[in-house]
file query12.txt (compact mmCIF, C-alpha atoms)
# COMPACT_ATOMS: atom_id res chain seq x y z
CA MET A 1 46.48 45.30 212.12
CA LEU A 2 50.04 44.56 210.99
CA ASN A 3 50.83 48.27 210.68
CA SER A 4 49.51 48.95 214.17
CA PHE A 5 51.58 46.13 215.63
CA LEU A 6 54.69 47.37 213.84
CA LEU A 7 54.20 50.92 215.12
CA ILE A 8 53.96 49.62 218.70
CA ALA A 9 57.06 47.49 218.15
CA GLU A 10 58.95 50.50 216.80
CA ALA A 11 57.95 52.55 219.84
CA VAL A 12 59.12 49.82 222.23
CA VAL A 13 62.44 49.38 220.40
CA TYR A 14 63.08 53.13 220.25
CA PHE A 15 62.23 53.66 223.91
CA SER A 16 64.20 50.63 225.12
CA VAL A 17 67.40 51.59 223.31
CA MET A 18 67.22 55.26 224.28
CA VAL A 19 66.54 54.67 227.98
CA THR A 20 69.32 52.08 228.05
CA LEU A 21 71.75 54.74 226.81
CA PHE A 22 70.31 57.16 229.34
CA ARG A 23 70.49 54.65 232.15
CA PHE A 24 74.23 54.15 231.63
CA ARG A 25 74.98 57.85 231.23
CA LYS A 26 77.25 57.83 234.28
CA ARG A 27 79.47 55.20 232.68
CA ILE A 28 79.46 56.07 228.99
CA GLY A 29 78.58 59.75 229.24
CA LEU A 30 75.41 61.66 228.52
CA GLY A 31 76.79 62.63 225.12
CA VAL A 32 76.02 59.16 223.75
CA PHE A 33 72.34 59.59 224.56
CA VAL A 34 72.26 63.12 223.11
CA CYS A 35 74.07 62.09 219.89
CA ALA A 36 71.67 59.17 219.36
CA LEU A 37 68.78 61.59 219.82
CA GLY A 38 70.26 63.91 217.21
CA VAL A 39 71.00 61.18 214.67
CA MET A 40 67.38 60.06 214.73
CA HIS A 41 66.22 63.59 213.89
CA PHE A 42 67.03 63.30 210.18
CA LEU A 43 65.26 59.93 209.82
CA GLU A 44 62.28 61.27 211.72
CA THR A 45 61.91 64.30 209.41
CA TYR A 46 62.48 62.24 206.26
CA LEU A 47 59.82 59.69 207.23
CA ALA A 48 57.39 62.45 208.24
CA SER A 49 57.62 63.94 204.74
CA VAL A 50 57.49 60.82 202.50
CA PHE A 51 56.75 57.62 204.47
CA TYR A 52 53.15 56.85 205.51
CA VAL A 53 51.18 53.75 206.41
CA ALA A 54 47.43 53.20 206.43
CA LEU A 55 45.61 52.66 209.73
CA PRO A 56 41.85 52.42 210.40
CA PHE A 57 41.75 56.07 211.51
CA GLY A 58 43.91 57.56 208.73
CA MET A 59 47.38 57.94 207.25
CA VAL A 60 50.24 57.82 209.74
CA SER A 61 53.98 58.39 209.47
CA PRO A 62 56.21 56.44 211.89
CA GLY A 63 58.58 59.41 211.82
CA SER A 64 56.01 61.75 213.33
CA ALA A 65 53.93 59.36 215.44
CA VAL A 66 56.73 57.24 216.88
CA LEU A 67 60.11 58.92 216.52
CA PHE A 68 59.10 62.52 217.21
CA SER A 69 56.78 61.57 220.08
CA GLY A 70 59.54 59.42 221.51
CA LYS A 71 62.07 62.23 221.23
CA LEU A 72 59.80 64.63 223.11
CA VAL A 73 59.39 62.06 225.90
CA MET A 74 63.18 61.58 225.98
CA LEU A 75 63.65 65.33 226.41
CA LEU A 76 61.13 65.28 229.26
CA LEU A 77 63.05 62.39 230.85
CA LEU A 78 66.27 64.36 230.49
CA TYR A 79 64.65 67.33 232.20
CA ILE A 80 63.14 65.26 235.01
CA LYS A 81 66.35 63.42 235.86
CA GLU A 82 68.90 66.11 235.08
CA ASP A 83 67.91 69.79 234.73
CA ALA A 84 66.86 72.51 232.31
CA ALA A 85 70.49 73.49 231.65
CA THR A 86 71.13 69.98 230.30
CA VAL A 87 67.95 69.55 228.28
CA ARG A 88 68.54 72.79 226.39
CA GLN A 89 71.79 71.43 224.89
CA PRO A 90 70.32 68.88 222.43
CA ILE A 91 67.46 71.24 221.57
CA TYR A 92 69.72 74.16 220.70
CA GLY A 93 72.18 71.80 219.04
CA LEU A 94 69.49 70.47 216.70
CA LEU A 95 68.24 73.95 215.88
CA LEU A 96 71.67 75.40 215.15
CA GLY A 97 72.82 72.27 213.33
CA ASN A 98 69.84 72.41 210.97
CA ALA A 99 70.43 76.11 210.36
CA LEU A 100 74.05 75.31 209.51
CA MET A 101 72.89 72.62 207.08
CA ILE A 102 70.69 75.12 205.25
CA GLY A 103 73.56 77.58 205.03
CA LEU A 104 75.90 74.96 203.58
CA VAL A 105 73.27 73.83 201.06
CA LEU A 106 72.96 77.41 199.84
CA LEU A 107 76.72 77.48 199.29
CA LEU A 108 76.70 74.07 197.60
CA ARG A 109 74.29 75.44 195.03
CA LEU A 110 77.05 77.75 193.82
CA HIS A 111 79.27 74.83 192.75
CA VAL A 112 79.64 73.84 189.12
CA ILE A 113 78.59 70.20 189.49
CA ALA A 114 80.40 67.50 187.52
CA PRO A 115 78.14 64.60 186.46
CA LEU A 116 78.96 61.06 187.55
CA PRO A 117 80.01 58.49 184.90
CA ASP A 118 76.43 57.22 184.68
CA GLY A 119 75.16 60.76 184.15
CA LYS A 120 73.44 61.13 187.54
CA LEU A 121 73.34 64.54 189.25
CA PRO A 122 72.72 65.21 192.97
CA ASP A 123 69.17 66.11 194.00
CA ILE A 124 69.99 69.39 195.78
CA GLY A 125 66.33 70.38 195.65
CA PHE A 126 65.41 67.42 197.84
CA ILE A 127 68.08 68.35 200.41
CA ASP A 128 66.90 71.95 200.32
CA GLU A 129 63.28 70.94 200.88
CA MET A 130 64.20 68.55 203.68
CA GLY A 131 66.45 71.14 205.31
CA TRP A 132 63.75 73.78 205.61
CA LEU A 133 61.32 71.18 206.94
CA MET A 134 63.89 70.10 209.53
CA VAL A 135 64.49 73.69 210.63
CA TRP A 136 60.73 74.23 211.02
CA GLY A 137 60.37 70.96 212.91
CA THR A 138 63.23 71.82 215.23
CA THR A 139 61.85 75.32 215.83
CA LEU A 140 58.60 73.68 216.87
CA LEU A 141 60.62 71.33 219.06
CA VAL A 142 62.09 74.27 221.00
CA ILE A 143 58.58 75.59 221.63
CA ASP A 144 57.34 72.07 222.44
CA ALA A 145 60.13 71.52 224.97
CA ILE A 146 59.36 74.78 226.79
CA LEU A 147 55.63 74.01 226.80
CA ILE A 148 56.03 70.45 228.07
CA ILE A 149 58.31 71.62 230.90
CA LEU A 150 55.86 74.35 231.85
CA LEU A 151 52.93 71.94 231.79
CA TYR A 152 54.82 69.28 233.72
CA GLU A 153 55.74 71.76 236.46
CA LYS A 154 52.33 73.44 236.61
CA LEU A 155 50.56 70.10 236.83
CA GLY A 156 52.90 69.14 239.64
CA ARG A 157 50.90 71.36 241.99
CA HIS A 158 47.83 69.19 241.47
CA LEU A 159 49.14 65.84 240.20
CA ARG A 160 52.40 65.43 242.07
CA LYS A 161 51.33 62.04 243.38
CA ALA A 162 49.77 61.01 240.04
CA GLN A 163 52.93 60.72 237.93
CA PHE A 164 51.30 58.90 235.02
CA ALA A 165 48.44 61.41 234.67
CA ARG A 166 50.90 64.28 234.94
CA ILE A 167 53.22 62.99 232.21
CA LEU A 168 50.41 61.82 229.92
CA THR A 169 48.58 65.14 230.10
CA SER A 170 51.77 67.08 229.39
CA VAL A 171 52.80 64.89 226.45
CA ALA A 172 49.32 64.69 224.90
CA CYS A 173 48.73 68.46 225.02
CA VAL A 174 52.10 69.33 223.50
CA LEU A 175 51.82 66.67 220.79
CA THR A 176 48.43 68.11 219.82
CA PHE A 177 49.98 71.55 219.46
CA ASP A 178 52.91 70.15 217.50
CA GLN A 179 50.68 68.16 215.15
CA ALA A 180 48.86 71.34 214.14
CA GLY A 181 52.11 73.25 213.60
CA PHE A 182 54.04 70.55 211.74
CA PHE A 183 51.12 69.54 209.52
CA THR A 184 50.73 73.15 208.39
CA ALA A 185 54.31 73.15 207.06
CA LEU A 186 53.98 69.62 205.70
CA HIS A 187 50.82 70.54 203.80
CA PHE A 188 52.43 73.47 202.01
CA VAL A 189 55.87 71.89 201.45
CA ALA A 190 54.96 68.29 200.65
CA GLY A 191 51.24 68.57 199.82
CA ALA A 192 50.12 66.30 202.68
CA PRO A 193 46.32 65.74 202.68
CA ILE A 194 44.07 66.56 205.65
CA ALA A 195 43.76 62.84 206.40
CA VAL A 196 47.39 62.99 207.47
CA PHE A 197 46.52 65.51 210.19
CA PHE A 198 43.75 63.44 211.77
CA GLY A 199 45.56 60.14 211.34
CA GLY A 200 48.73 61.65 212.81
CA TRP A 201 46.86 63.14 215.76
CA PHE A 202 45.20 59.84 216.69
CA ALA A 203 48.53 58.07 216.32
CA LYS A 204 50.29 60.65 218.50
CA MET A 205 47.68 60.29 221.22
CA ALA A 206 48.26 56.53 221.17
CA ALA A 207 52.01 57.21 221.25
CA ALA A 208 51.54 59.59 224.20
CA LEU A 209 49.74 56.85 226.12
CA THR A 210 52.34 54.20 225.24
CA PHE A 211 55.43 56.31 225.91
CA SER A 212 53.99 57.78 229.12
CA ALA A 213 53.31 54.32 230.51
CA MET A 214 56.83 53.15 229.62
CA LEU A 215 58.39 56.32 231.06
CA VAL A 216 56.57 55.98 234.39
CA ALA A 217 57.61 52.33 234.60
CA TYR A 218 61.22 53.24 233.84
CA LEU A 219 61.29 56.03 236.43
CA LYS A 220 59.77 53.76 239.05
CA TRP A 221 61.93 50.71 238.46
CA PHE A 222 65.25 52.15 237.31
CA GLU A 223 65.47 55.79 238.37
CA ALA A 224 64.13 55.80 241.91
CA ARG A 225 67.02 57.82 243.34
CA ASP A 226 66.71 61.49 244.24
CA ILE A 227 66.49 63.85 241.30
CA ALA A 228 69.39 66.21 240.68
CA LEU A 229 68.89 69.91 241.27
CA PRO A 230 69.21 72.55 238.54
CA ARG A 231 72.52 74.38 238.18
CA GLY A 232 73.20 77.83 236.78
CA LEU A 233 70.39 78.46 234.31
CA THR A 234 71.01 81.56 232.18
CA ASP A 235 68.55 81.35 229.32
CA ILE A 236 64.82 81.15 228.68
CA PHE A 237 64.45 77.97 230.74
CA GLU A 238 65.45 79.91 233.84
CA THR A 239 62.56 82.30 233.29
CA LEU A 240 59.92 79.80 232.26
CA THR A 241 60.57 76.74 234.45
CA TYR A 242 59.91 76.27 238.15
CA ARG A 243 61.37 73.05 239.49
CA GLU A 244 59.37 71.82 242.45
CA ARG A 245 62.53 70.21 243.81
CA TYR A 246 64.31 73.56 243.64
CA GLU A 247 61.41 75.29 245.37
CA ALA A 248 61.42 72.58 248.03
CA LEU A 249 65.15 73.17 248.59
CA VAL A 250 64.64 76.94 248.96
CA GLU A 251 61.74 76.29 251.32
CA HIS A 252 63.89 73.92 253.40
CA VAL A 253 66.80 76.37 253.54
CA GLY A 254 64.44 79.05 254.87
CA ARG A 255 63.32 76.91 257.81
CA ASP A 256 64.48 76.45 261.35
CA GLY A 257 66.34 73.17 261.76
CA LEU A 258 64.74 72.17 265.07
CA THR A 259 61.07 73.04 264.61
CA GLY A 260 60.69 73.14 260.83
CA LEU A 261 59.08 76.59 261.06
CA LEU A 262 60.21 79.49 258.90
CA HIS A 263 63.25 81.15 260.43
CA ARG A 264 64.12 84.77 261.32
CA GLY A 265 65.60 85.53 257.91
CA ARG A 266 62.36 84.55 256.23
CA PHE A 267 60.43 86.60 258.79
CA ASP A 268 62.35 89.73 257.85
CA ALA A 269 61.89 89.18 254.10
CA ASP A 270 58.32 87.88 254.09
CA GLY A 271 57.23 90.33 256.75
CA GLU A 272 58.39 93.37 254.77
CA ALA A 273 56.60 92.06 251.68
CA ALA A 274 53.42 91.34 253.65
CA VAL A 275 53.34 94.84 255.13
CA GLU A 276 53.77 96.38 251.67
CA VAL A 277 50.86 94.31 250.35
CA SER A 278 48.71 95.29 253.33
CA LEU A 279 49.40 98.98 252.77
CA ARG A 280 48.76 98.73 249.05
CA THR A 281 45.54 96.71 249.24
CA ALA A 282 44.19 97.97 252.60
CA ARG A 283 43.86 94.39 253.78
CA PRO A 284 44.49 93.82 257.50
CA LEU A 285 47.78 92.31 258.64
CA SER A 286 48.49 91.45 262.27
CA LEU A 287 51.62 90.22 263.98
CA LEU A 288 51.58 87.96 267.04
CA ILE A 289 54.78 87.37 268.98
CA VAL A 290 54.42 84.32 271.21
CA ASP A 291 56.92 83.48 273.93
CA VAL A 292 57.08 80.32 276.09
CA ASP A 293 56.89 81.32 279.76
CA HIS A 294 59.70 80.23 282.12
CA PHE A 295 61.36 78.21 279.36
CA LYS A 296 64.79 78.44 281.01
CA SER A 297 63.47 76.56 284.02
CA ILE A 298 62.42 73.69 281.74
CA ASN A 299 65.95 73.41 280.40
CA ASP A 300 67.39 73.66 283.91
CA ARG A 301 65.05 71.05 285.44
CA PHE A 302 64.67 68.55 282.61
CA GLY A 303 67.62 69.19 280.31
CA HIS A 304 67.99 70.73 276.86
CA ALA A 305 66.75 67.58 275.11
CA GLU A 306 63.39 67.94 276.84
CA GLY A 307 63.45 71.65 276.14
CA ASP A 308 63.85 70.91 272.44
CA LYS A 309 60.86 68.57 272.60
CA VAL A 310 58.81 71.37 274.14
CA LEU A 311 59.77 73.76 271.36
CA LYS A 312 58.85 71.16 268.74
CA ALA A 313 55.50 70.58 270.47
CA VAL A 314 54.72 74.30 270.58
CA ALA A 315 55.72 74.67 266.93
CA SER A 316 53.48 71.78 265.97
CA LEU A 317 50.59 73.26 267.92
CA LEU A 318 51.05 76.66 266.25
CA ARG A 319 50.95 75.01 262.84
CA GLU A 320 47.73 73.24 263.79
CA VAL A 321 45.85 76.29 265.00
CA ALA A 322 47.12 78.61 262.25
CA SER A 323 45.14 78.95 259.04
CA ALA A 324 46.50 78.25 255.57
CA GLU A 325 47.10 81.99 255.04
CA ASP A 326 49.07 82.44 258.27
CA GLN A 327 52.87 82.30 258.31
CA VAL A 328 54.49 80.87 261.44
CA PHE A 329 58.13 81.64 262.30
CA ARG A 330 60.61 80.79 265.01
CA ILE A 331 62.43 84.08 265.54
CA GLY A 332 64.40 83.30 268.69
CA GLY A 333 65.15 80.61 271.24
CA GLU A 334 61.63 80.16 272.63
CA GLU A 335 60.05 83.04 270.72
CA PHE A 336 57.67 82.58 267.79
CA ALA A 337 55.95 84.99 265.41
CA ILE A 338 52.79 84.66 263.34
CA LEU A 339 51.87 86.93 260.45
CA SER A 340 48.12 86.78 260.04
CA SER A 341 45.63 88.46 257.70
CA ARG A 342 43.20 88.92 260.60
CA PRO A 343 42.08 92.37 261.79
CA HIS A 344 43.36 93.43 265.19
CA SER A 345 40.44 92.32 267.37
CA VAL A 346 40.28 88.92 265.68
CA ALA A 347 44.06 88.53 265.96
CA ARG A 348 43.81 89.10 269.72
CA LEU A 349 41.17 86.37 269.96
CA PHE A 350 43.46 84.16 267.87
CA GLY A 351 46.22 84.81 270.41
CA GLU A 352 43.88 83.76 273.21
CA SER A 353 43.02 80.54 271.39
CA ILE A 354 46.75 79.80 271.10
CA ARG A 355 47.23 80.46 274.81
CA HIS A 356 44.39 78.12 275.78
CA ALA A 357 45.49 75.45 273.32
CA VAL A 358 49.01 75.38 274.83
CA LYS A 359 47.62 75.03 278.35
CA ALA A 360 45.28 72.24 277.24
CA SER A 361 47.89 70.30 275.28
CA THR A 362 48.50 66.80 276.63
CA VAL A 363 52.02 66.82 275.16
CA THR A 364 53.19 69.70 277.38
CA SER A 365 50.86 69.18 280.35
CA ARG A 366 53.56 67.74 282.63
CA PHE A 367 55.52 71.01 282.29
CA GLU A 368 52.43 73.14 283.11
CA LEU A 369 53.39 75.15 280.07
CA THR A 370 52.00 78.62 279.36
CA VAL A 371 52.74 81.26 276.76
CA SER A 372 52.47 85.04 276.57
CA ALA A 373 51.80 87.03 273.42
CA GLY A 374 51.88 90.56 272.09
CA VAL A 375 49.72 91.62 269.15
CA SER A 376 50.05 94.54 266.76
CA THR A 377 48.42 95.39 263.44
CA VAL A 378 49.39 97.46 260.42
CA GLY A 379 47.87 100.91 260.86
CA GLU A 380 48.61 104.63 260.93
CA THR A 381 51.59 104.28 263.28
CA THR A 382 52.83 100.87 262.11
CA ARG A 383 53.58 101.19 258.40
CA CYS A 384 56.73 99.06 258.27
CA LEU A 385 57.80 95.71 259.72
CA ALA A 386 60.16 97.31 262.22
CA ASP A 387 57.35 99.39 263.75
CA LEU A 388 54.97 96.45 263.70
CA PHE A 389 57.52 94.23 265.43
CA ALA A 390 58.52 96.88 267.99
CA LEU A 391 54.90 97.39 269.06
CA ALA A 392 54.15 93.66 269.32
CA ASP A 393 57.39 93.12 271.24
CA GLN A 394 56.52 95.97 273.60
CA ARG A 395 53.14 94.38 274.28
CA LEU A 396 54.76 90.97 274.78
CA TYR A 397 57.07 92.53 277.38
CA LYS A 398 54.00 93.98 279.13
CA ALA A 399 52.35 90.54 279.13
CA LYS A 400 55.48 88.99 280.66
CA SER A 401 55.87 91.74 283.28
CA THR A 402 52.24 91.66 284.40
CA GLY A 403 52.11 87.98 285.28
CA ARG A 404 52.60 86.01 282.04
CA ASP A 405 50.05 83.58 280.56
CA ARG A 406 48.20 86.39 278.80
CA VAL A 407 47.75 88.17 275.48
CA ILE A 408 48.21 91.94 275.26
CA GLY A 409 46.88 93.71 272.22
CA GLU A 410 46.84 97.31 273.50
CA PRO A 411 48.38 99.26 276.38
CA GLY A 412 45.27 99.69 278.52
CA GLY A 413 42.86 97.09 277.28
CA HIS A 414 40.47 99.59 275.63
CA GLU A 415 42.42 100.65 272.54
CA PRO A 416 40.16 100.79 269.45
CA ASP A 417 40.74 98.40 266.60
CA THR A 418 43.01 100.87 264.77
CA ALA A 419 43.77 98.51 261.90
CA LEU A 420 40.09 97.95 261.20
CA ALA A 421 39.39 101.68 261.33
CA TRP A 422 42.38 102.38 259.09
CA THR A 423 41.21 99.71 256.63
CA LYS A 424 37.75 101.29 256.44
CA SER A 425 39.17 104.77 255.94
CA ALA A 426 41.44 103.48 253.18
CA GLN A 427 38.42 102.03 251.39
CA PHE A 428 36.67 105.40 251.38

call {"tool": "encode", "arguments": {"input": "query12.txt", "output": "structure tokens"}}
result
Amino acid sequence: MLNSFLLIAEAVVYFSVMVTLFRFRKRIGLGVFVCALGVMHFLETYLASVFYVALPFGMVSPGSAVLFSGKLVMLLLLYIKEDAATVRQPIYGLLLGNALMIGLVLLLRLHVIAPLPDGKLPDIGFIDEMGWLMVWGTTLLVIDAILIILLYEKLGRHLRKAQFARILTSVACVLTFDQAGFFTALHFVAGAPIAVFFGGWFAKMAAALTFSAMLVAYLKWFEARDIALPRGLTDIFETLTYRERYEALVEHVGRDGLTGLLHRGRFDADGEAAVEVSLRTARPLSLLIVDVDHFKSINDRFGHAEGDKVLKAVASLLREVASAEDQVFRIGGEEFAILSSRPHSVARLFGESIRHAVKASTVTSRFELTVSAGVSTVGETTRCLADLFALADQRLYKAKSTGRDRVIGEPGGHEPDTALAWTKSAQF
């Protein structure tokens, strides 16, 4: 019981001191936090190799269960609140520093050592053994750090609103992997018994729970400000990490400021990619260009502020009627585009449902708002975005010139579903 209490106390002390240094990083510099993290690395490795306490579920080392688990959580905190370019610095510093230590120890062995007055000689063998263990532990740490970042980001797609579950799952999984890797080296270098593996794993799971709870509390109560964005990643973290905040920024930049829909630049890029996929997989892809009828008169009669409200209302309606696979763009003043994976005939019906939904909308009813649309589909004569857009735009012009408030999907009204026929021929 005493040992368990002391381990919890050690975890609380370690976490409290480290997050205090992190909290004041703007005043005293982030280097203080990083140096403290590095200094603890030697003690952590030393304790993991020689210092164990008995608990009901096995033998446990505070160095592995408390200090290493705490360090991994600190690196996750550094990543969450700073970026991958910052978190790599202490990791690479530890790895290269330990490699340097091994190199210097190999040179020290070449010295002719003079004994001290009491006859004692330095225990170079102990330093050598510790050094290799530290290099192995730090190598695992590099892998652990990449894995925990990957897990944290991947889980963000499902557990973004469940911060505690997200952090706990990430920490527990990586600590399990690390326990297997570090115990393997510890068994062969220091002769650690199998009881150390199971005792250490149970202790690390308890540490994962404790540190995750403290980290969530710290983030909630002391670090509630917006999280910084990543800057200039040039190493493995750039390839393996996907910051949801960075993705959100890119997504925001690619959107129209008034309506929140994807803008014309995204239409050009995403549209080209979608057409290529359609041609490669023989899946249907249709384009609907939707234009608000007599929009200029709304601006002239009610003012541009009201006109903006109409555009927002139409954009909101398009988002509501579109499926999750559809992409909705604002490509001009009152002109919108929808890329849909529907075959041509279904896309025309989709255009009709949009037209009726706009007319029935209570938000725009006082303007007696209507829309016109042109529809085209990837097929034999539309094998690039430019052709697809030109045909849909031509049909939109026909809809506008023949009375508006209509959807045109073919010149004469009896054109066969060319995209569907092309899709079937591609399958055979």

call {"tool": "residues_around", "arguments": {"input": "query12.txt", "residues": "segment 181-186 of chain A", "least_positions_apart": "2", "cutoff": "12 Å", "atoms": "all atoms listed in the file", "output": "MDAnalysis selection string"}}
result
chainID A and resid 45:50 60:61 64:65 68 129:130 132:141 143:144 174:179 188:201

call {"tool": "closest_residue", "arguments": {"input": "query12.txt", "among": "A:Val19, A:Val32, A:Leu55, A:Val407", "to": "Phe202 of chain A", "atoms": "only C-alpha atoms"}}
result
A:Leu55

call {"tool": "residues_around", "arguments": {"input": "query12.txt", "residues": "segment 359-374 of chain A", "least_positions_apart": "6", "cutoff": "6 Å", "atoms": "only C-alpha atoms", "output": "VMD selection string"}}
result
chain A and resid 288 to 293 392 395 to 396 404 to 409

call {"tool": "write_last_selection", "arguments": {"input": "query12.txt", "atoms": "C-alpha atoms", "output": "short mmCIF file (atom, residue, chain, number, x, y, z; two decimals), in the coordinates of the input"}}
result
data_model
loop_
_atom_site.label_atom_id
_atom_site.label_comp_id
_atom_site.auth_asym_id
_atom_site.auth_seq_id
_atom_site.Cartn_x
_atom_site.Cartn_y
_atom_site.Cartn_z
CA LEU A 288 51.58 87.96 267.04
CA ILE A 289 54.78 87.37 268.98
CA VAL A 290 54.42 84.32 271.21
CA ASP A 291 56.92 83.48 273.93
CA VAL A 292 57.08 80.32 276.09
CA ASP A 293 56.89 81.32 279.76
CA ALA A 392 54.15 93.66 269.32
CA ARG A 395 53.14 94.38 274.28
CA LEU A 396 54.76 90.97 274.78
CA ARG A 404 52.60 86.01 282.04
CA ASP A 405 50.05 83.58 280.56
CA ARG A 406 48.20 86.39 278.80
CA VAL A 407 47.75 88.17 275.48
CA ILE A 408 48.21 91.94 275.26
CA GLY A 409 46.88 93.71 272.22
#

call {"tool": "atom_distance", "arguments": {"input": "query12.txt", "atom1": "atom CA of Phe267 of chain A", "atom2": "atom CA of Leu385 of chain A"}}
result
9.5 Å

call {"tool": "atom_distance", "arguments": {"input": "query12.txt", "atom1": "atom CA of Val17 of chain A", "atom2": "atom CA of Leu155 of chain A"}}
result
28.4 Å

call {"tool": "residues_near_point", "arguments": {"input": "query12.txt", "point": "(66.5, 50.4, 234.5)", "cutoff": "12 Å", "atoms": "all atoms listed in the file", "output": "PyMOL selection string"}}
result
chain A and resi 15-25+214-225

call {"tool": "atom_distance", "arguments": {"input": "query12.txt", "atom1": "atom CA of Arg264 of chain A", "atom2": "atom CA of Gly332 of chain A"}}
result
7.5 Å

call {"tool": "closest_residue", "arguments": {"input": "query12.txt", "among": "A:Ala399, A:Leu151, A:Leu339, A:Leu100", "to": "Ala322 of chain A", "atoms": "all atoms listed in the file"}}
result
A:Leu339

call {"tool": "closest_residue", "arguments": {"input": "query12.txt", "among": "A:Pro117, A:Gly156, A:Pro90, A:Gly103", "to": "Leu30 of chain A", "atoms": "all atoms listed in the file"}}
result
A:Pro90

call {"tool": "closest_residue", "arguments": {"input": "query12.txt", "among": "A:Lys161, A:Glu153, A:Lys120, A:Leu108", "to": "Tyr79 of chain A", "atoms": "all atoms listed in the file"}}
result
A:Glu153

call {"tool": "residues_around", "arguments": {"input": "query12.txt", "residues": "Cys384 of chain A", "least_positions_apart": "4", "cutoff": "12 Å", "atoms": "all atoms listed in the file", "output": "list in words"}}
result
Asp268, Ala269, Gly271, Glu272, Ala273, Ala274, Val275, Glu276, Val277, Ser278, Leu279, Leu285, Ser286, Leu287, Ser376, Thr377, Val378, Gly379, Glu380, Leu388, Phe389, Ala390 and Leu391 of chain A

call {"tool": "write_last_selection", "arguments": {"input": "query12.txt", "atoms": "C-alpha atoms", "output": "compact mmCIF listing (two decimals), keeping the file's coordinate frame"}}
result
# COMPACT_ATOMS: atom_id res chain seq x y z
CA ASP A 268 62.35 89.73 257.85
CA ALA A 269 61.89 89.18 254.10
CA GLY A 271 57.23 90.33 256.75
CA GLU A 272 58.39 93.37 254.77
CA ALA A 273 56.60 92.06 251.68
CA ALA A 274 53.42 91.34 253.65
CA VAL A 275 53.34 94.84 255.13
CA GLU A 276 53.77 96.38 251.67
CA VAL A 277 50.86 94.31 250.35
CA SER A 278 48.71 95.29 253.33
CA LEU A 279 49.40 98.98 252.77
CA LEU A 285 47.78 92.31 258.64
CA SER A 286 48.49 91.45 262.27
CA LEU A 287 51.62 90.22 263.98
CA SER A 376 50.05 94.54 266.76
CA THR A 377 48.42 95.39 263.44
CA VAL A 378 49.39 97.46 260.42
CA GLY A 379 47.87 100.91 260.86
CA GLU A 380 48.61 104.63 260.93
CA LEU A 388 54.97 96.45 263.70
CA PHE A 389 57.52 94.23 265.43
CA ALA A 390 58.52 96.88 267.99
CA LEU A 391 54.90 97.39 269.06
